[in-house]
Each structure stands twice: as structure tokens, then as C-alpha cells.
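Participant: My questions all concern the structure below.
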Amino acid sequence: MWRDVETLCPFCGVGCRIVLRVYDEKVEALYPSEEGVNEGKLCIKGWSAHEFIHHPERLSRPLLREDRSREFREVSWDEALAVIKCRLEAVLENNGPDAVNFLGSAKCTNEDNYALQKFARAVVGTSHIDHCARLCHASTVTGLSMSFGSGAMTNSIDDIEDANVILLIGSNTSEQHPLIGRRIIKTVKEKGAALIVADPRRIDLVEVSRLHLRHRPGTDTALINGILHVIIQEGREDRKFIEENTKGFEAVAKSLGDYAPEHLEAITGVPSRQIVEAARMYAGAEKASIIYAMGITQHVSGTDNVVALANLSMATGNVGRKGTGINPLRGQNNVQGACDVGVLPDFFPGYQSAEDPDVRDYFSKSWNTDRLPEKNGLTLCEMTEAIFEKRTRWMYIMGENPTLSDPDSVHVRRALENIDFLVVHDIFLTETAAFANVVLPGASYAEKDGTFTSTERRVQRIRKALEPVGEARPEWKAIGDLAGRMGYEEMEWQSAREVFSEIAGVTPIYRGMSYERLEGTGIQWPCPGVNHPGTPLLHSGGFARGKGCFISVHYNPPPEVSDDDYPLILMTGRSLFQFHTGTMTRRSPTLQGQLDEAYAEVNPGDAKTLGITDGMKIAVESRRGIIRVAARITERVSPGTVFIPFHFAEAAANILTLRTLDPKSKIPELKVSAVKMKREELTTLNEIKKSNGEMKE
Ligand code: SF4
């Protein structure tokens, strides 16, 4: 007999609802739920989300090896947790709590992530906890908090359909967030909205746009400031909104003198008339929405880009109403939730400052601990440096794969080779798990209860459809067991529901939520009380920080630009058919059937110069390493630029990228790296060794 279990897609941050069809303790198929943001539809990844659940490579028992020269052996949970406890106590005694690092997961539930950050802070006493939000939207959290007082998507996905003009910048939405891409197309085609696409690539949505601003990678601040300059010069700003709701406008208006569109052509590559046209379209709309993603955020200027967009929206009064706002699209299913529940080195759950003594005092009492750290901890990329330099020695990674996802990944691998002890907690033996001492088997999204929080701040339930494979356990349970062994009794939860009740109790923006109230399509935060309906639209009665704050930001060139040695600019990103580091999607026959190898998009002019033909194997080299990929000759990329997706371990694009950080949000520059390219047969033995990480820097 089959049964259906309603849950959520485990891939991107849209939060699509799916129904798993379970037959004889196996998920045989799935279909979209009629309820929810996806309106009864799914993208190809969603339709394939059951294919990895029963994959034979799923981890089913803990693995242990005494040192990295040995093979893993299967052990009991008892033995694995005993070893972790022993090694954790040793590092705490010898090196103190700040020698210990934790990475949570944008793919695990809120309950799993809450458990990990509580363990880090209350049991170990460190605030070195972060996750891959640092690689995608750290600059959104920092920038929007500075400007508006809240670092999340201001509006709801439904609101997109109310917009008259959509400015889509740095988001390949139809591939990264396909069900939001569908909404954009619907709004343009059926409701007559005008779409402005600002993107260095000719992405698919350009086909339905009215205007494509094809700016050079890394020049977003200049482009956005240029649009605002035109709006102010032509008197198109919303004076009433500015005066009633914001502060700092005059200083920003004065700071834009150098951003006349004709001056920007040389920087951005965008004709001045297009910048003027974009300004008139955006400012002239009754309701204009800005949608962006990692093309804006993954830069050393990521925070400045976000602030520039906030300035633009406030100057035109496009905040706090349906069809307007600033809408950052979060990449992974629960990256919003992992941030919300405190998997950040500077915030306890609910964005409560980790350095505020009153907040610390509150959590000391709530969690019954006197170990809470007093200072902010290291961010993700700072942890890598600390491990590399032996300043920290011990790490617990839950559901992340930094050897593929982090910049300059050969450097990441060398850091992990340096670590004294590494625990990896995952559902497959990832490339990162290969460096571990202990590997713990996690439960997939189909094997546990919990909650994910989607990009529109919507907290929704996932439901257990099956028992976890083998001896795998929900992550919150395993972490709670470890806490108990460490002598801490405040994590002995019996169910995910119990964990969520605790989250709601200590997290003001979740306070009115419970599993009962989350039935159906969930609730959008903030939801401060049990009778509060949730908040689909932020800043509608004024900004979260009181007055919205205009802040001057200026264009600075990217840290690495093309030169004679490395004449091309590499952009990295994702494909429709794979997800993140491929841990799940590369085990899906359907998705592998669509795309199973890395490729580089190369402009036809550059291909001709280099003697490269479509499908040919090429070597792409930066100052950090080399990878081999298949060439795709296409006008999607401009002359002088190359695009490579980062999903593929055998051709890891992040071998090439820079680890230079945005000074404000500590997000790395993942979108602009200087590279050169040649036909594969022209590579040398030394280059091959370098691509395998064998050559020293
Ligand atoms: Fe899943 Fe995102 Fe596709 Fe929806 S749009 S089905 S959440 S991958």
C-alpha cells in the first residue's frame, strides 16, 4: 500500500512544496503540492528530488579512522561519539574553546542548525560558528541591516506579480530559482510588467526583457550609482517618501557627482543611453521591484552593491508596498533559516548580538550555561586561514562541502590536511569527508521532521516519510547525544517538535510559531506572538531600524583584473540541472542525464583567437590552479569573459577563484577572477600537477 507525505523540496530557497509517494518503505515518486508558492509546479530538480534518497552510497553507519593514513572503518555510534568526546575534551584542555570551529548547514533543518550552534556556544564555549551563507548572502545581511534594519527579502514571492517594473540584477533566476523565474515571466507576459535585466551574461530572461544592461563583472556599484545619479539629476526621486521615512539622502545625492552615465561607459561597458533609460523606467513605475542574487553579493564590494540597491529603492519610494522592495533570492533551501537560528559568529538566534551582555545573560539563563563566549567568532573563510596557520585545530562540519564550495579550494584542502581532528556529518561521503577522522551519517530531508525557512522568510514543515537509512539519525538528535556525553543536559530533546518549541521560545521573530501553526503553507517571520499572522511584507509601516538610512558607497575595481598574463575574467555560478557541490544532484540519474560534466562558456571571438572549438577540452588557469572543462562556444558571455559552474569535483571551478574578502561582510570575491585558457593538449606536466593540487604555492 502506498502513502503520500507532504514536505518541501530540498534544493533551492524558493520553498516549493512536494508530496513524496512512499511504497514499501521506499520513495518511488513525487509530485508537486497544489498548495504553496510553487502553484502546483516544480522545476526539473524538484521533480528529481527523490532520486538520491535511496542511493547505495548513502552513509548508514559512523566511520572512524585513527589517523588519515588509514582507511575508514565502520563503528557504532557509541564508539564514534566516545572518540569525538575524548578528542574534544583534549583540545579544550590543551588549547581552549577558541581552537574549535563549527560549520552548520544551509541544507539541514532549523532544528539541526539550532542544535549545532547551541552545542558550539553552550557546551564548547566558542562563537566560531558559521555556514555557507557567508559565501552567498553575508553581504545582504550586512548591507540591508545597515540600510533598513533587517537583512532579509522585504517582500513575498507573490508580490512579484504586482510589480510594474522589475529590475533583475545579478540573478540568473530561471536556472537558479526556476519557480521564481516562472513568476517573472508570467508578470511580464501576462501582466505587462517591464523587465530590466542587468547581467554580464545574456541569461535566458533577457529574451523577455525590455532592456539588457550588460555590464562588466564587478562594476555593479558604478552601474547602480549611475542609475540613481540620473534619477536625482532629472528630479525623479520621491521627495515625500524620502523626507518622511529616511535620513542621509542629501549626502548620498552629493556623493554621486562622478557617476554621470557618460563617465561610466568606460567602467561598466554599458552605453550611457541605456543607463538613462533604466533610470527612467525604474523611477517612472508606480511599483518597481528589485530582485538580485549572487551576481550582486559574491564580491569584495558585495555589501556596497546591496547598499547601493537599497539607496535606489528608498530614493524612489519603492519599499514597504506590494510589488516593490529589495528581494535577495537565497540560494539553498534553508540558508535563511540557518541564519535565523544563529549559525553565525556574531548573532545568537533571531539576530541578537553575540557581543551584547544583556543578550548573553538571557541565553546563559535560558540554556543554563556559564560558558557562553563574549566575543564574535571567526567567519567561514577566516576559519580556513586559522586552521591553515594552526591557530585553530578542531572542526565539526555538518552538511557542507567546503573543499568544493569555498574559494581557492586547493588552499582549503591544504588547511584541512593541517587540522588535528575533523568531524564531518553528512548523508554522503563528500569530498570534504575524505579529510575527516570521524564521519557521522545524517538523515535526509525525507527521513526526519523539521522546518526549513525559504527565501521569503516563510517557515514551513518537512515531514518524516521513512526511517533513516541504516543507523543514520537526525542531526539534532546526534548532536544532542554528544552534548549529553559532555555532561550537558539541556539538549536532551525527544523530538524535532520539542527543538522547535525551544527555538520559538528564544527567537523573537519566531516566537508565535509552533508546529501546529505551521501546518499548511507555514508562516513568514517576524511572527512575534501566538495570535500574530506573520509578516508577508517588511517595512510597510516604517523601517525596522526607524528611519531608512542612505549610505554613500563608491565603485572600487575588483581585486584581480585581467592583464597580459591572465587576459580573461572568470565568473562562476550554477546550472539548472545541478545543485551546489553536486552531493545530491550528481546521484540523480535524471539530472546527470541532463548535465554530467563541467563546461566553460566561451565567447566565439575568444574561441577563434585561441583555436578552440565547441566541445573541445580546454584548460582554464588562474594564479591559483588549473582545471579542465569542455568548451561551450556561446554569445551568452561577452568577449573577454568566461563562465564555469562550480558543481563538479573533477573540475572544481573554485580551484581558480580568489579568497579576498569583502571587509564588511567577509564574503569572498567569487565572481571575478583573472584566468587564461588554452586547448588541453597544450598543457604541461607541471600544469597537470598544479591542477591536482600537488604543486606547492
Ligand atoms: Fe526545488 Fe527550487 Fe526547483 Fe522549487 S524552484 S522545485 S525549490 S529547486
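Order determines the names: the first chain of the C-alpha cells is A, the second B, and so forth; residues in each chain are numbered 1 upward, and ligands are numbered 1 upward as they are shown.
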What's around stretch 574-581 of chain A at 9 Å? Count only C-alpha atoms, leave out sequence neighbours fewer than 3 positions away in its own chain, and write the answer as a ChimeraX atom specification.
Facilitator: /A:11-12,43-45,172,174-178,331-332,400-402,404-405,584-586,590-592,594-596,644-649
Participant: What's around A:Lys547 at 9 Å? Count only C-alpha atoms, leave out sequence neighbours fewer than 5 positions away in its own chain, and write the answer as a PyMOL selection string.
Facilitator: chain A and resi 147-149+244-247+542
Participant: Neighbouring residues of A:Gly13 were defined as those with any atom within 6 Å, considering only C-alpha atoms; residues of the same chain fewer than 2 positions away were excluded. Please report them as an MDAnalysis selection string.
Facilitator: chainID A and resid 15 330:333 454:455
Participant: Can you write just those residues out, N, CA and C atoms, as a tab-separated table (two decimals), in the first residue's frame?
Facilitator:
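File written: out15.tsv
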chain	number	residue	atom	x	y	z
A	15	GLY	N	11.37	27.24	-1.74
A	15	GLY	CA	10.46	26.63	-0.75
A	15	GLY	C	9.28	25.92	-1.37
A	330	ARG	N	17.67	33.69	-1.89
A	330	ARG	CA	18.63	32.84	-1.15
A	330	ARG	C	18.83	31.54	-1.91
A	331	GLY	N	20.07	31.10	-1.94
A	331	GLY	CA	20.44	30.00	-2.84
A	331	GLY	C	19.97	28.63	-2.40
A	332	GLN	N	20.10	28.31	-1.11
A	332	GLN	CA	19.80	26.95	-0.67
A	332	GLN	C	18.50	26.92	0.14
A	333	ASN	N	17.95	25.72	0.25
A	333	ASN	CA	16.62	25.56	0.84
A	333	ASN	C	16.49	26.19	2.22
A	454	SER	N	12.23	29.54	3.88
A	454	SER	CA	12.54	29.84	2.48
A	454	SER	C	13.01	31.27	2.31
A	455	THR	N	13.36	31.60	1.07
A	455	THR	CA	13.91	32.93	0.79
A	455	THR	C	12.96	34.06	1.18
Participant: Assign secondary structure with DSSP using the backbone only, and return the residues of stretch 99-275 of chain A in strand (DSSP E or B) as a list in words.
Facilitator: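 Matching residues, listed in order: Val100, Asn101, Phe102, Leu103, Ile129, Asp130, Val165, Ile166, Leu167, Leu168, Ile169, Ala194, Leu195, Ile196, Val197, Ala198, Leu211, His212, Leu213, Thr246 and Lys247 of chain A.
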Participant: Excluding same-chain residues fewer than 2 positions from A:Leu378, what lies within 10 Å of it counting only C-alpha atoms, as a list of chain:residue names?
Facilitator: A:Asp98, A:Asn101, A:Phe102, A:Thr126, A:Ser127, A:His128, A:Ile129, A:Asp130, A:Leu344, A:Pro345, A:Asp346, A:Lys375, A:Asn376, A:Leu380, A:Cys381, A:Glu382, A:Met383, A:Thr384, A:Glu385, A:Ala386, A:Lys666
Participant: Measuring atom to atom with only C-alpha atoms and all ligand atoms, identify which of A:His50, A:Lys477, A:Arg393, A:Arg360 is nearest to ligand 1.
Facilitator: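 Looking only at the distances to ligand 1, the closest residue turns out to be A:His50.
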Participant: What does the distance from atom CA of A:Ile166 to atom CA of A:Arg214 come to in Å, to one decimal?
Facilitator: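 Interatomic distance here is 16.0 Å.
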Participant: Counting only C-alpha atoms, figure out which residue out of A:His411, A:Lys41, A:Lys85, A:Lys390 gets nearest to A:Asp481.
Facilitator: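 Distance minimum relative to A:Asp481 lands on A:Lys85.
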Participant: List every residue of stretch 297-536 of chain A that DSSP, applied to the backbone of this structure, assigns to alpha helix (DSSP H), and report them as a ChimeraX atom specification.
Facilitator: /A:297,302-315,335-340,357-367,380-388,402-405,409-418,475-485,496-506
Participant: With C-alpha atoms retained, export the selected residues as a compact mmCIF listing (two decimals), in the first residue's frame.
Facilitator:
# COMPACT_ATOMS: atom_id res chain seq x y z
CA THR A 297 26.61 39.66 -3.34
CA GLY A 302 29.12 42.88 -2.14
CA THR A 303 27.92 44.99 0.81
CA ASP A 304 28.39 48.20 -1.20
CA ASN A 305 26.35 46.72 -4.06
CA VAL A 306 23.50 45.85 -1.68
CA VAL A 307 23.61 49.29 -0.04
CA ALA A 308 23.55 50.96 -3.47
CA LEU A 309 20.40 48.99 -4.33
CA ALA A 310 18.83 50.00 -1.01
CA ASN A 311 19.61 53.66 -1.80
CA LEU A 312 17.94 53.26 -5.19
CA SER A 313 14.77 51.74 -3.76
CA MET A 314 14.46 54.32 -0.97
CA ALA A 315 15.08 57.27 -3.30
CA VAL A 335 20.13 29.26 4.21
CA GLN A 336 17.64 31.81 5.58
CA GLY A 337 16.74 29.53 8.48
CA ALA A 338 20.34 28.68 9.38
CA CYS A 339 20.98 32.43 9.73
CA ASP A 340 17.75 32.93 11.68
CA PRO A 357 25.90 41.47 27.57
CA ASP A 358 22.11 41.51 28.07
CA VAL A 359 21.61 39.03 25.23
CA ARG A 360 24.36 36.82 26.63
CA ASP A 361 22.82 36.98 30.06
CA TYR A 362 19.44 35.96 28.63
CA PHE A 363 20.90 32.94 26.81
CA SER A 364 23.03 31.96 29.82
CA LYS A 365 19.85 31.63 31.83
CA SER A 366 17.76 30.08 29.04
CA TRP A 367 20.40 27.49 28.22
CA LEU A 380 33.90 30.73 7.37
CA CYS A 381 36.89 31.86 5.28
CA GLU A 382 38.67 33.15 8.40
CA MET A 383 38.32 29.66 9.88
CA THR A 384 40.18 28.22 6.88
CA GLU A 385 43.04 30.65 7.45
CA ALA A 386 43.08 29.91 11.18
CA ILE A 387 43.26 26.16 10.53
CA PHE A 388 45.94 26.63 7.88
CA PRO A 402 33.97 23.48 1.67
CA THR A 403 36.56 21.71 -0.50
CA LEU A 404 34.28 22.46 -3.46
CA SER A 405 32.19 25.43 -2.34
CA SER A 409 39.87 25.31 -2.92
CA VAL A 410 43.39 23.88 -3.15
CA HIS A 411 44.19 26.15 -0.22
CA VAL A 412 41.11 24.82 1.62
CA ARG A 413 42.33 21.25 1.13
CA ARG A 414 45.77 22.13 2.45
CA ALA A 415 44.17 23.71 5.50
CA LEU A 416 42.12 20.56 6.17
CA GLU A 417 45.24 18.43 5.83
CA ASN A 418 46.63 20.57 8.66
CA GLU A 475 21.47 15.59 13.11
CA TRP A 476 19.81 17.41 16.06
CA LYS A 477 19.50 14.05 17.81
CA ALA A 478 23.14 13.08 17.30
CA ILE A 479 24.37 16.49 18.45
CA GLY A 480 22.08 16.31 21.50
CA ASP A 481 23.52 12.87 22.34
CA LEU A 482 27.05 14.27 22.10
CA ALA A 483 26.09 17.16 24.39
CA GLY A 484 24.75 14.65 26.94
CA ARG A 485 28.06 12.78 26.88
CA ALA A 496 12.07 17.86 16.42
CA ARG A 497 8.86 19.48 17.66
CA GLU A 498 10.46 19.91 21.08
CA VAL A 499 13.54 21.54 19.49
CA PHE A 500 11.31 23.91 17.52
CA SER A 501 9.42 24.92 20.67
CA GLU A 502 12.74 25.89 22.21
CA ILE A 503 13.73 27.85 19.07
CA ALA A 504 10.44 29.77 19.19
CA GLY A 505 10.97 30.50 22.88
CA VAL A 506 14.35 32.21 22.41
